[in-house]
>>> print(open('upload_34.cif').read())   # mmCIF, C-alpha atoms
data_target
#
loop_
_atom_site.label_atom_id
_atom_site.label_comp_id
_atom_site.auth_asym_id
_atom_site.auth_seq_id
_atom_site.Cartn_x
_atom_site.Cartn_y
_atom_site.Cartn_z
CA MET A 1 17.69 -2.50 -53.17
CA ALA A 2 14.14 -1.14 -52.99
CA ARG A 3 14.12 -0.75 -56.77
CA LEU A 4 15.45 -4.28 -57.24
CA MET A 5 12.84 -5.73 -54.90
CA ARG A 6 10.08 -3.82 -56.64
CA ALA A 7 11.21 -5.38 -59.91
CA ALA A 8 11.47 -8.78 -58.20
CA GLN A 9 7.90 -8.48 -56.96
CA ALA A 10 6.89 -7.82 -60.56
CA GLY A 11 8.55 -11.07 -61.61
CA ASP A 12 11.95 -9.83 -62.86
CA ARG A 13 14.22 -12.85 -62.24
CA GLN A 14 17.47 -11.07 -62.94
CA ALA A 15 16.67 -8.25 -60.53
CA TYR A 16 15.57 -10.80 -57.96
CA ALA A 17 18.82 -12.75 -58.26
CA VAL A 18 20.86 -9.58 -57.78
CA ALA A 19 18.73 -8.52 -54.82
CA LEU A 20 19.12 -11.94 -53.19
CA GLU A 21 22.88 -11.95 -53.72
CA GLN A 22 23.16 -8.53 -52.13
CA ALA A 23 20.87 -9.62 -49.32
CA ALA A 24 22.99 -12.76 -48.75
CA LYS A 25 26.18 -10.70 -48.50
CA TRP A 26 24.53 -8.29 -46.10
CA LEU A 27 23.13 -11.17 -44.01
CA ARG A 28 26.55 -12.80 -43.71
CA ARG A 29 27.91 -9.58 -42.27
CA TYR A 30 24.84 -9.11 -40.10
CA PHE A 31 25.03 -12.57 -38.55
CA ARG A 32 28.77 -13.14 -38.58
CA ARG A 33 29.32 -12.26 -34.94
CA ARG A 34 25.92 -13.32 -33.74
CA ILE A 35 25.99 -17.04 -34.42
CA ALA A 36 28.55 -19.82 -34.38
CA LEU A 37 30.37 -19.66 -37.74
CA GLU A 38 29.53 -23.22 -38.69
CA LYS A 39 25.85 -22.26 -38.55
CA LEU A 40 26.18 -19.04 -40.51
CA ASP A 41 25.46 -20.38 -44.00
CA ASP A 42 22.47 -22.38 -42.80
CA LEU A 43 20.99 -19.32 -41.17
CA VAL A 44 21.60 -17.10 -44.21
CA GLN A 45 19.88 -19.69 -46.40
CA GLU A 46 16.94 -19.96 -44.01
CA VAL A 47 16.48 -16.19 -44.16
CA LEU A 48 16.69 -16.18 -47.96
CA LEU A 49 13.95 -18.83 -48.10
CA SER A 50 11.84 -16.73 -45.71
CA VAL A 51 12.44 -13.64 -47.83
CA HIS A 52 11.27 -15.58 -50.86
CA ALA A 53 8.17 -16.93 -49.12
CA LYS A 54 7.22 -13.53 -47.70
CA ARG A 55 8.46 -11.20 -50.43
CA SER A 56 4.96 -9.83 -50.92
CA THR A 57 5.15 -8.27 -47.43
CA TYR A 58 7.87 -5.87 -48.54
CA ASP A 59 6.46 -2.43 -49.26
CA PRO A 60 8.58 -0.86 -52.03
CA ALA A 61 7.76 2.59 -50.65
CA ARG A 62 9.73 1.79 -47.49
CA PRO A 63 13.43 1.11 -46.96
CA PHE A 64 14.51 -2.45 -47.72
CA PHE A 65 16.99 -3.25 -44.98
CA PRO A 66 14.73 -2.67 -41.94
CA TRP A 67 12.35 -5.19 -43.52
CA LEU A 68 15.16 -7.67 -44.17
CA ALA A 69 16.55 -7.13 -40.67
CA ALA A 70 13.17 -7.90 -39.08
CA ILE A 71 13.01 -11.23 -40.93
CA ALA A 72 16.66 -11.92 -40.14
CA ARG A 73 16.14 -11.29 -36.42
CA TYR A 74 13.02 -13.46 -36.40
CA ARG A 75 14.92 -16.39 -37.92
CA TRP A 76 17.92 -15.73 -35.69
CA VAL A 77 15.82 -15.97 -32.53
CA ASP A 78 14.28 -19.17 -33.94
CA HIS A 79 17.78 -20.45 -34.43
CA LEU A 80 18.74 -19.63 -30.85
CA ARG A 81 15.71 -21.56 -29.66
CA ALA A 82 16.73 -24.67 -31.50
CA GLU A 83 18.71 -27.23 -29.61
CA TYR A 84 21.88 -27.75 -31.56
CA ARG A 85 24.39 -28.28 -28.84
CA SER A 86 25.30 -31.77 -30.06
CA GLN A 87 25.96 -30.65 -33.64
CA THR A 88 28.08 -27.75 -32.43
CA GLN A 89 30.09 -30.00 -30.16
CA GLU A 90 30.65 -32.52 -32.97
CA LEU A 91 31.90 -29.81 -35.27
CA LEU A 92 34.20 -28.37 -32.66
CA GLU A 93 35.64 -31.81 -31.98
CA ASP A 94 36.09 -32.53 -35.71
CA THR A 95 37.74 -29.23 -36.50
CA ALA A 96 39.80 -28.70 -33.38
CA SER A 97 42.09 -25.92 -34.50
CA GLU A 98 43.12 -22.48 -33.43
CA ASP A 99 40.34 -20.97 -35.54
CA SER A 100 37.62 -22.92 -33.80
CA ALA A 101 38.57 -21.38 -30.48
CA GLU A 102 38.17 -17.90 -31.96
CA GLU A 103 34.66 -18.43 -33.25
CA PRO A 104 32.86 -18.23 -29.92
CA VAL A 105 35.06 -15.30 -28.93
CA MET A 106 34.01 -13.34 -32.00
CA ALA A 107 30.42 -14.23 -31.35
CA ARG A 108 30.69 -13.15 -27.76
CA ILE A 109 32.16 -9.75 -28.56
CA SER A 110 29.27 -8.89 -30.81
CA LEU A 111 26.66 -10.48 -28.62
CA ASP A 112 27.74 -8.34 -25.71
CA ARG A 113 26.75 -5.36 -27.82
CA LEU A 114 23.61 -6.93 -29.25
CA PHE A 115 22.36 -8.21 -25.94
CA ASP A 116 22.43 -4.80 -24.31
CA GLN A 117 18.75 -5.10 -23.59
CA LEU A 118 19.19 -8.36 -21.69
CA SER A 119 20.43 -8.64 -18.15
CA PRO A 120 24.12 -9.64 -17.96
CA ALA A 121 23.17 -13.04 -16.51
CA GLN A 122 20.72 -13.73 -19.36
CA ALA A 123 23.21 -12.67 -22.04
CA GLU A 124 25.93 -14.82 -20.48
CA ALA A 125 23.69 -17.87 -20.24
CA ILE A 126 22.57 -17.55 -23.88
CA GLU A 127 26.10 -17.03 -25.15
CA LEU A 128 27.41 -20.11 -23.37
CA VAL A 129 24.54 -22.50 -23.98
CA LYS A 130 23.23 -21.37 -27.37
CA ILE A 131 26.29 -19.96 -29.11
CA GLU A 132 29.22 -21.86 -27.66
CA GLY A 133 27.27 -25.08 -27.21
CA CYS A 134 28.09 -25.62 -23.53
CA SER A 135 25.90 -27.92 -21.49
CA VAL A 136 23.84 -26.39 -18.70
CA ALA A 137 26.22 -27.93 -16.16
CA GLU A 138 29.27 -26.48 -17.92
CA ALA A 139 27.64 -23.06 -18.17
CA SER A 140 26.72 -23.28 -14.53
CA ALA A 141 30.32 -24.09 -13.55
CA ARG A 142 31.70 -21.24 -15.65
CA THR A 143 29.28 -18.57 -14.48
CA GLY A 144 28.53 -19.55 -10.91
CA GLN A 145 24.80 -19.52 -11.71
CA SER A 146 22.89 -22.62 -10.60
CA PRO A 147 21.80 -25.00 -13.41
CA SER A 148 18.14 -24.07 -12.94
CA LEU A 149 19.04 -20.39 -13.08
CA ILE A 150 20.95 -20.97 -16.34
CA LYS A 151 17.83 -22.58 -17.83
CA VAL A 152 15.60 -19.76 -16.60
CA ASN A 153 17.98 -17.11 -17.95
CA VAL A 154 18.22 -18.79 -21.37
CA HIS A 155 14.45 -19.13 -21.55
CA ARG A 156 13.69 -15.59 -20.41
CA GLY A 157 16.48 -14.07 -22.48
CA ILE A 158 15.26 -15.65 -25.71
CA ARG A 159 11.70 -14.72 -24.87
CA LYS A 160 12.80 -11.12 -24.40
CA LEU A 161 14.75 -11.15 -27.67
CA ALA A 162 11.67 -12.50 -29.45
CA ALA A 163 9.63 -9.64 -28.05
CA ILE A 164 11.98 -6.91 -29.26
CA ILE A 165 12.59 -8.14 -32.80
CA GLU A 166 11.17 -5.00 -34.41
CA LYS A 167 12.70 -2.57 -31.97
CA ALA A 168 15.48 -0.48 -33.44
CA SER A 169 18.69 -0.98 -31.51
CA MET B 1 29.54 -16.63 -51.11
CA ASP B 2 29.44 -20.41 -50.73
CA ASP B 3 28.18 -22.68 -53.51
CA ALA B 4 25.14 -23.90 -51.62
CA THR B 5 23.89 -20.35 -51.01
CA GLN B 6 24.51 -19.39 -54.64
CA ALA B 7 22.66 -22.50 -55.82
CA LEU B 8 19.78 -21.63 -53.51
CA ILE B 9 19.64 -18.08 -54.88
CA ASP B 10 19.61 -19.40 -58.46
CA ARG B 11 16.79 -21.79 -57.61
CA ILE B 12 14.76 -19.14 -55.78
CA ALA B 13 15.28 -16.50 -58.48
CA ALA B 14 14.08 -18.96 -61.14
CA ASP B 15 10.84 -19.16 -59.18
CA ALA B 16 10.28 -15.39 -59.17
CA ALA B 17 6.59 -15.33 -60.00
CA PRO B 18 5.02 -11.86 -59.74
CA VAL B 19 3.48 -11.13 -56.34
CA ARG B 20 1.16 -8.37 -55.24
CA PRO B 21 2.70 -6.29 -52.44
CA LEU B 22 0.76 -6.54 -49.21
CA ARG B 23 -0.71 -3.10 -48.50
CA LYS B 24 -1.89 -2.16 -45.04
CA GLY B 25 -4.99 -0.55 -46.55
CA ARG B 26 -6.19 -3.90 -47.87
CA GLY B 27 -5.91 -5.42 -44.40
CA LEU B 28 -7.90 -2.54 -42.95
CA ALA B 29 -10.52 -2.87 -45.68
CA LEU B 30 -10.83 -6.60 -44.99
CA ALA B 31 -11.31 -6.04 -41.25
CA GLY B 32 -13.67 -3.12 -41.91
CA LEU B 33 -15.80 -5.26 -44.19
CA ALA B 34 -15.91 -8.01 -41.56
CA PHE B 35 -17.02 -5.48 -38.94
CA LEU B 36 -19.71 -4.08 -41.23
CA VAL B 37 -21.08 -7.53 -42.03
CA THR B 38 -21.07 -8.39 -38.32
CA LEU B 39 -22.86 -5.17 -37.43
CA VAL B 40 -25.57 -5.73 -40.04
CA ALA B 41 -25.96 -9.36 -38.93
CA VAL B 42 -26.36 -8.38 -35.26
CA LEU B 43 -28.87 -5.66 -36.08
CA PHE B 44 -30.77 -8.03 -38.36
CA LEU B 45 -30.85 -10.91 -35.89
CA ALA B 46 -31.24 -9.05 -32.59
CA GLY B 47 -32.74 -5.74 -33.71
CA ALA B 48 -31.47 -2.25 -33.00
CA ARG B 49 -31.68 -1.06 -29.41
CA HIS B 50 -34.41 1.41 -28.56
CA GLY B 51 -33.45 4.93 -29.52
CA LEU B 52 -30.48 3.96 -31.69
CA MET B 53 -32.03 5.26 -34.88
CA ASN B 54 -33.28 8.57 -33.46
CA GLY B 55 -30.19 9.51 -31.45
CA GLN B 56 -31.41 8.76 -27.93
CA PHE B 57 -28.30 7.48 -26.20
CA SER B 58 -27.37 7.26 -22.56
CA VAL B 59 -24.02 8.65 -21.47
CA PHE B 60 -22.79 5.19 -20.46
CA PHE B 61 -23.74 3.79 -23.86
CA VAL B 62 -21.69 6.44 -25.64
CA VAL B 63 -18.69 6.22 -23.30
CA VAL B 64 -18.46 2.42 -23.22
CA ASN B 65 -19.05 1.81 -26.91
CA GLY B 66 -16.89 4.79 -27.85
CA LEU B 67 -13.96 3.47 -25.83
CA LEU B 68 -14.40 -0.05 -27.18
CA LEU B 69 -14.58 1.30 -30.74
CA VAL B 70 -11.36 3.28 -30.30
CA LEU B 71 -9.71 0.23 -28.75
CA GLY B 72 -10.87 -1.98 -31.60
CA LEU B 73 -9.72 0.45 -34.30
CA SER B 74 -6.36 0.90 -32.62
CA CYS B 75 -5.76 -2.87 -32.44
CA VAL B 76 -7.00 -3.55 -35.96
CA THR B 77 -4.80 -0.81 -37.42
CA THR B 78 -1.78 -2.23 -35.61
CA VAL B 79 -2.53 -5.82 -36.63
CA ALA B 80 -2.85 -4.71 -40.25
CA ALA B 81 0.60 -3.13 -40.00
CA MET B 82 2.16 -6.11 -38.21
CA ALA B 83 1.72 -8.29 -41.29
CA ALA B 84 4.65 -6.41 -42.84
CA PRO B 85 7.69 -6.56 -40.52
CA GLN B 86 10.00 -3.62 -40.07
CA VAL B 87 12.73 -2.95 -37.56
CA GLY B 88 11.75 0.35 -35.99
CA ALA B 89 8.02 -0.36 -35.90
CA GLY B 90 6.78 0.34 -32.39
CA HIS B 91 3.21 -1.03 -32.16
CA GLU B 92 2.72 0.98 -28.99
CA GLY B 93 -0.67 2.53 -29.84
CA PRO B 94 -2.96 -0.23 -28.57
CA LYS B 95 -1.24 -0.27 -25.19
CA TRP B 96 -2.64 3.15 -24.35
CA ALA B 97 -6.05 2.25 -25.72
CA ILE B 98 -6.06 -0.93 -23.61
CA ALA B 99 -5.09 1.08 -20.51
CA MET B 100 -7.89 3.54 -21.26
CA ALA B 101 -10.54 0.86 -21.78
CA GLY B 102 -9.25 -0.99 -18.73
CA VAL B 103 -11.16 1.53 -16.63
CA LEU B 104 -14.45 0.02 -17.80
CA PRO B 105 -14.37 -3.36 -16.02
CA VAL B 106 -13.10 -1.64 -12.91
CA ALA B 107 -16.03 0.77 -13.05
CA GLY B 108 -18.39 -2.14 -13.67
CA VAL B 109 -17.14 -4.10 -10.66
CA LEU B 110 -17.22 -1.02 -8.42
CA ALA B 111 -20.75 -0.12 -9.51
CA ALA B 112 -22.00 -3.67 -8.95
CA SER B 113 -20.40 -4.10 -5.55
CA ALA B 114 -21.11 -0.58 -4.22
CA PRO B 115 -23.77 -0.09 -1.50
CA GLY B 116 -27.07 -0.07 -3.34
CA GLY B 117 -25.61 -2.03 -6.27
CA VAL B 118 -27.02 -5.37 -7.38
CA GLY B 119 -23.97 -7.26 -6.13
CA LEU B 120 -21.17 -8.63 -8.25
CA MET B 121 -22.72 -12.08 -8.61
CA HIS B 122 -26.09 -10.74 -9.67
CA VAL B 123 -25.23 -8.52 -12.62
CA GLU B 124 -27.48 -9.75 -15.40
CA GLY B 125 -26.65 -10.08 -19.05
CA ILE B 126 -24.18 -12.89 -19.54
CA HIS B 127 -25.79 -13.46 -22.93
CA CYS B 128 -24.17 -10.17 -24.00
CA MET B 129 -20.79 -11.80 -23.47
CA TYR B 130 -21.77 -14.73 -25.67
CA VAL B 131 -23.17 -12.46 -28.39
CA GLY B 132 -20.10 -10.22 -28.21
CA LEU B 133 -17.82 -13.24 -28.56
CA ALA B 134 -19.86 -14.61 -31.47
CA ALA B 135 -19.79 -11.19 -33.12
CA SER B 136 -16.02 -11.07 -32.86
CA VAL B 137 -15.44 -14.32 -34.77
CA LEU B 138 -15.70 -12.94 -38.30
CA ILE B 139 -13.47 -9.95 -37.51
CA ALA B 140 -10.92 -12.24 -35.84
CA ALA B 141 -11.01 -14.54 -38.87
CA ALA B 142 -10.36 -11.63 -41.24
CA LEU B 143 -7.38 -10.46 -39.17
CA PHE B 144 -6.08 -14.01 -38.85
CA VAL B 145 -6.18 -14.52 -42.62
CA TRP B 146 -4.41 -11.20 -43.08
CA LEU B 147 -1.63 -12.08 -40.65
CA ARG B 148 -1.20 -15.54 -42.15
CA ARG B 149 -0.65 -13.94 -45.53
CA GLY B 150 1.87 -11.59 -43.97
CA ALA B 151 4.99 -12.12 -41.91
CA PRO B 152 4.35 -11.10 -38.29
CA VAL B 153 7.61 -11.32 -36.38
CA SER B 154 5.93 -10.86 -32.99
CA PRO B 155 3.25 -13.57 -33.16
CA LYS B 156 2.31 -13.39 -29.48
CA LEU B 157 1.72 -9.65 -29.57
CA ALA B 158 -0.05 -9.89 -32.92
CA GLY B 159 -2.32 -12.64 -31.56
CA PHE B 160 -3.06 -10.59 -28.46
CA TYR B 161 -4.00 -7.49 -30.46
CA LEU B 162 -6.04 -9.62 -32.83
CA GLY B 163 -8.05 -11.01 -29.91
CA VAL B 164 -8.50 -7.68 -28.14
CA GLY B 165 -9.40 -5.83 -31.34
CA SER B 166 -11.91 -8.37 -32.59
CA GLY B 167 -13.40 -8.72 -29.10
CA ALA B 168 -13.81 -4.95 -28.80
CA LEU B 169 -15.42 -4.53 -32.21
CA GLY B 170 -17.64 -7.58 -31.63
CA SER B 171 -18.76 -6.02 -28.37
CA VAL B 172 -19.49 -2.72 -30.11
CA ALA B 173 -21.65 -4.56 -32.65
CA ASN B 174 -23.51 -6.25 -29.80
CA GLY B 175 -23.82 -2.88 -28.05
CA MET B 176 -25.97 -1.59 -30.91
CA ALA B 177 -28.59 -4.18 -29.98
CA CYS B 178 -28.24 -4.30 -26.17
CA ALA B 179 -30.79 -2.24 -24.24
CA ASP B 180 -29.10 -2.39 -20.82
CA ASP B 181 -27.30 0.88 -20.11
CA SER B 182 -26.16 0.22 -16.54
CA ILE B 183 -22.44 0.67 -16.02
CA ALA B 184 -22.28 -2.60 -14.07
CA HIS B 185 -23.66 -4.51 -17.05
CA LEU B 186 -21.65 -2.66 -19.69
CA GLY B 187 -18.44 -2.64 -17.67
CA ILE B 188 -18.55 -6.37 -16.96
CA TRP B 189 -20.35 -8.21 -19.76
CA HIS B 190 -19.42 -5.91 -22.62
CA THR B 191 -15.73 -5.94 -21.77
CA ALA B 192 -15.61 -9.69 -21.09
CA PRO B 193 -15.31 -10.53 -24.84
CA VAL B 194 -12.30 -8.21 -25.01
CA ILE B 195 -10.55 -9.92 -22.11
CA ILE B 196 -11.39 -13.41 -23.35
CA GLY B 197 -10.42 -12.46 -26.90
CA GLY B 198 -7.07 -11.14 -25.72
CA LEU B 199 -6.30 -14.32 -23.79
CA VAL B 200 -7.36 -16.60 -26.64
CA GLY B 201 -5.40 -14.52 -29.14
CA ARG B 202 -2.28 -14.47 -27.02
CA TYR B 203 -2.22 -18.11 -25.92
CA VAL B 204 -4.07 -19.97 -28.70
CA ILE B 205 -4.21 -18.05 -31.97
CA SER B 206 -0.61 -16.86 -31.76
CA ARG B 207 0.57 -20.48 -32.19
CA TRP B 208 -0.81 -20.44 -35.73
CA LEU B 209 0.77 -17.12 -36.56
CA ARG B 210 4.29 -18.51 -36.51
CA TRP B 211 5.85 -19.04 -39.92
#
>>> encode(input="upload_34.cif", output="structure tokens")
Amino acid sequence: MARLMRAAQAGDRQAYAVALEQAAKWLRRYFRRRIALEKLDDLVQEVLLSVHAKRSTYDPARPFFPWLAAIARYRWVDHLRAEYRSQTQELLEDTASEDSAEEPVMARISLDRLFDQLSPAQAEAIELVKIEGCSVAEASARTGQSPSLIKVNVHRGIRKLAAIIEKAS
Amino acid sequence: MDDATQALIDRIAADAAPVRPLRKGRGLALAGLAFLVTLVAVLFLAGARHGLMNGQFSVFFVVVNGLLLVLGLSCVTTVAAMAAPQVGAGHEGPKWAIAMAGVLPVAGVLAASAPGGVGLMHVEGIHCMYVGLAASVLIAAALFVWLRRGAPVSPKLAGFYLGVGSGALGSVANGMACADDSIAHLGIWHTAPVIIGGLVGRYVISRWLRW
């Protein structure tokens, strides 16, 4: 990948296309359990656009994937910040099937691992509100945390994630 | 891979104009040049302090400006690196330098408020804070341009280091012209640009570092 990106930085379109395809495949695996599935393609495309805009910041002397992962995490945290509860709810209502019930479960399994650096209450609040698309009231009812505490935990959890983007897990 | 992503890749790859990789050394050179220009400007406009050219320094002058210089270099080096993101990058260096230089304002306040001191409200030299802040502008601008060209993934931290680093180096440039060697003056008015710079960088400049 480093060789392909070096060629891409020199203007080699074919190498760039191959590098982006590989990056897209890797990103799909990277995000698969960290975001609601209906948002996966959007997020992968956002990262690819960021990679394109900031491709000059890649140093060919260094490994490629830690650079890509830093950009991916940055966009992922951005994505968590965004309010998309309504879209998620619409999609879940439109595609009410057995699969749709599994999506948040898959996300939760991986998030439990990813959110190791958050407190359990913060991780739970983010999973419910930002991944599953629950309202604050619903999350409050499911966790036993007060609505204001849910909001505080979401806010602080995302702020903490934003601060540890470059930290190796 | 879905069609939309493949179409996006095709469109992006068709736009693969050559780019020059961002090297940390160029960021350091840019900040170094800004510091040099600032230093020359301060010396030209305010004149060198007495004894600067023939090596007559007070201990406080050396300690304060030495610590601020190390702090500034540490922050500038980290900011230059933060333009290129990398999982695994720590950016821990400036924290220790900040802790080290944090002794200075404490020493300044203690010296001013100690029995026999001039009193905290009567430490002269607020103009040094203004000059230090003015001297930090060009260095801050150079670092800002560098970060905007890059891809900082921790904008708040990058903004904070930008402010602290430029404030520290601006204060060092001012220190070459300031004749007051009292620890109360140096500890308060020469570190004020660092504190103000850090706050402005963290809460104001960082907003424009998002991408």
>>> resolve_selection(input="upload_34.cif", expression="the PyMOL selection byres ((chain B and resi 133) around 10)", output="list in words")
His127, Cys128, Met129, Tyr130, Val131, Gly132, Ala134, Ala135, Ser136, Val137, Leu138, Ser166, Gly167, Ala168, Leu169, Gly170, Ser171, Asn174, His190, Ala192, Pro193, Val194, Ile196 and Gly197 of chain B
>>> resolve_selection(input="upload_34.cif", expression="the PyMOL selection byres ((chain B) within 9 of (chain A))", output="JSON list (two decimals) with C-alpha atoms, keeping the file's coordinate frame")
[["chain", "number", "residue", "atom", "x", "y", "z"],
["B", 1, "MET", "CA", 29.54, -16.63, -51.11],
["B", 2, "ASP", "CA", 29.44, -20.41, -50.73],
["B", 4, "ALA", "CA", 25.14, -23.90, -51.62],
["B", 5, "THR", "CA", 23.89, -20.35, -51.01],
["B", 6, "GLN", "CA", 24.51, -19.39, -54.64],
["B", 8, "LEU", "CA", 19.78, -21.63, -53.51],
["B", 9, "ILE", "CA", 19.64, -18.08, -54.88],
["B", 10, "ASP", "CA", 19.61, -19.40, -58.46],
["B", 12, "ILE", "CA", 14.76, -19.14, -55.78],
["B", 13, "ALA", "CA", 15.28, -16.50, -58.48],
["B", 14, "ALA", "CA", 14.08, -18.96, -61.14],
["B", 15, "ASP", "CA", 10.84, -19.16, -59.18],
["B", 16, "ALA", "CA", 10.28, -15.39, -59.17],
["B", 17, "ALA", "CA", 6.59, -15.33, -60.00],
["B", 18, "PRO", "CA", 5.02, -11.86, -59.74],
["B", 19, "VAL", "CA", 3.48, -11.13, -56.34],
["B", 20, "ARG", "CA", 1.16, -8.37, -55.24],
["B", 21, "PRO", "CA", 2.70, -6.29, -52.44],
["B", 22, "LEU", "CA", 0.76, -6.54, -49.21],
["B", 23, "ARG", "CA", -0.71, -3.10, -48.50],
["B", 83, "ALA", "CA", 1.72, -8.29, -41.29],
["B", 84, "ALA", "CA", 4.65, -6.41, -42.84],
["B", 85, "PRO", "CA", 7.69, -6.56, -40.52],
["B", 86, "GLN", "CA", 10.00, -3.62, -40.07],
["B", 87, "VAL", "CA", 12.73, -2.95, -37.56],
["B", 88, "GLY", "CA", 11.75, 0.35, -35.99],
["B", 89, "ALA", "CA", 8.02, -0.36, -35.90],
["B", 90, "GLY", "CA", 6.78, 0.34, -32.39],
["B", 149, "ARG", "CA", -0.65, -13.94, -45.53],
["B", 150, "GLY", "CA", 1.87, -11.59, -43.97],
["B", 151, "ALA", "CA", 4.99, -12.12, -41.91],
["B", 153, "VAL", "CA", 7.61, -11.32, -36.38],
["B", 154, "SER", "CA", 5.93, -10.86, -32.99],
["B", 156, "LYS", "CA", 2.31, -13.39, -29.48],
["B", 157, "LEU", "CA", 1.72, -9.65, -29.57],
["B", 211, "TRP", "CA", 5.85, -19.04, -39.92]]
>>> atom_distance(input="upload_34.cif", atom1="atom CA of A:Leu4", atom2="atom CA of B:Arg26")
23.6 Å
>>> residues_around(input="upload_34.cif", residues="stretch 56-62 of chain B", least_positions_apart="3", cutoff="7 Å", atoms="all atoms listed in the file", output="PDB file with C-alpha atoms, in the frame of the given file")
ATOM      1  CA  GLY B  51     -33.450   4.930 -29.520  1.00  0.00           C
ATOM      2  CA  LEU B  52     -30.480   3.960 -31.690  1.00  0.00           C
ATOM      3  CA  ASN B  65     -19.050   1.810 -26.910  1.00  0.00           C
ATOM      4  CA  GLY B  66     -16.890   4.790 -27.850  1.00  0.00           C
ATOM      5  CA  ASP B 181     -27.300   0.880 -20.110  1.00  0.00           C
ATOM      6  CA  ILE B 183     -22.440   0.670 -16.020  1.00  0.00           C
TER       7      ILE B 183
END
>>> resolve_selection(input="upload_34.cif", expression="the PyMOL selection byres ((chain B and resi 95) around 12)", output="mmCIF file with C-alpha atoms, in the coordinates of the input")
data_model
loop_
_atom_site.group_PDB
_atom_site.id
_atom_site.type_symbol
_atom_site.label_atom_id
_atom_site.label_comp_id
_atom_site.auth_asym_id
_atom_site.auth_seq_id
_atom_site.Cartn_x
_atom_site.Cartn_y
_atom_site.Cartn_z
ATOM 1 C CA VAL B 70 -11.360 3.280 -30.300
ATOM 2 C CA LEU B 71 -9.710 0.230 -28.750
ATOM 3 C CA GLY B 72 -10.870 -1.980 -31.600
ATOM 4 C CA SER B 74 -6.360 0.900 -32.620
ATOM 5 C CA CYS B 75 -5.760 -2.870 -32.440
ATOM 6 C CA THR B 78 -1.780 -2.230 -35.610
ATOM 7 C CA GLY B 90 6.780 0.340 -32.390
ATOM 8 C CA HIS B 91 3.210 -1.030 -32.160
ATOM 9 C CA GLU B 92 2.720 0.980 -28.990
ATOM 10 C CA GLY B 93 -0.670 2.530 -29.840
ATOM 11 C CA PRO B 94 -2.960 -0.230 -28.570
ATOM 12 C CA TRP B 96 -2.640 3.150 -24.350
ATOM 13 C CA ALA B 97 -6.050 2.250 -25.720
ATOM 14 C CA ILE B 98 -6.060 -0.930 -23.610
ATOM 15 C CA ALA B 99 -5.090 1.080 -20.510
ATOM 16 C CA MET B 100 -7.890 3.540 -21.260
ATOM 17 C CA ALA B 101 -10.540 0.860 -21.780
ATOM 18 C CA GLY B 102 -9.250 -0.990 -18.730
ATOM 19 C CA LEU B 157 1.720 -9.650 -29.570
ATOM 20 C CA PHE B 160 -3.060 -10.590 -28.460
ATOM 21 C CA TYR B 161 -4.000 -7.490 -30.460
ATOM 22 C CA VAL B 164 -8.500 -7.680 -28.140
ATOM 23 C CA GLY B 165 -9.400 -5.830 -31.340
#
>>> atom_distance(input="upload_34.cif", atom1="atom CA of A:Glu124", atom2="atom CA of A:Leu27")
24.0 Å
>>> atom_distance(input="upload_34.cif", atom1="atom CA of A:Ile131", atom2="atom CA of A:Glu38")
10.6 Å
>>> residues_around(input="upload_34.cif", residues="A:Pro147", least_positions_apart="2", cutoff="6 Å", atoms="all atoms listed in the file", output="list in words")
Val136, Ala137, Ser140, Leu149 and Ile150 of chain A
>>> residues_near_point(input="upload_34.cif", point="(-17.6, -0.3, -18.7)", cutoff="8 Å", atoms="only C-alpha atoms", output="list of chain:residue names")
B:Phe60, B:Val64, B:Ala101, B:Val103, B:Leu104, B:Pro105, B:Val106, B:Ala107, B:Gly108, B:Ile183, B:Ala184, B:His185, B:Leu186, B:Gly187, B:Ile188, B:His190, B:Thr191
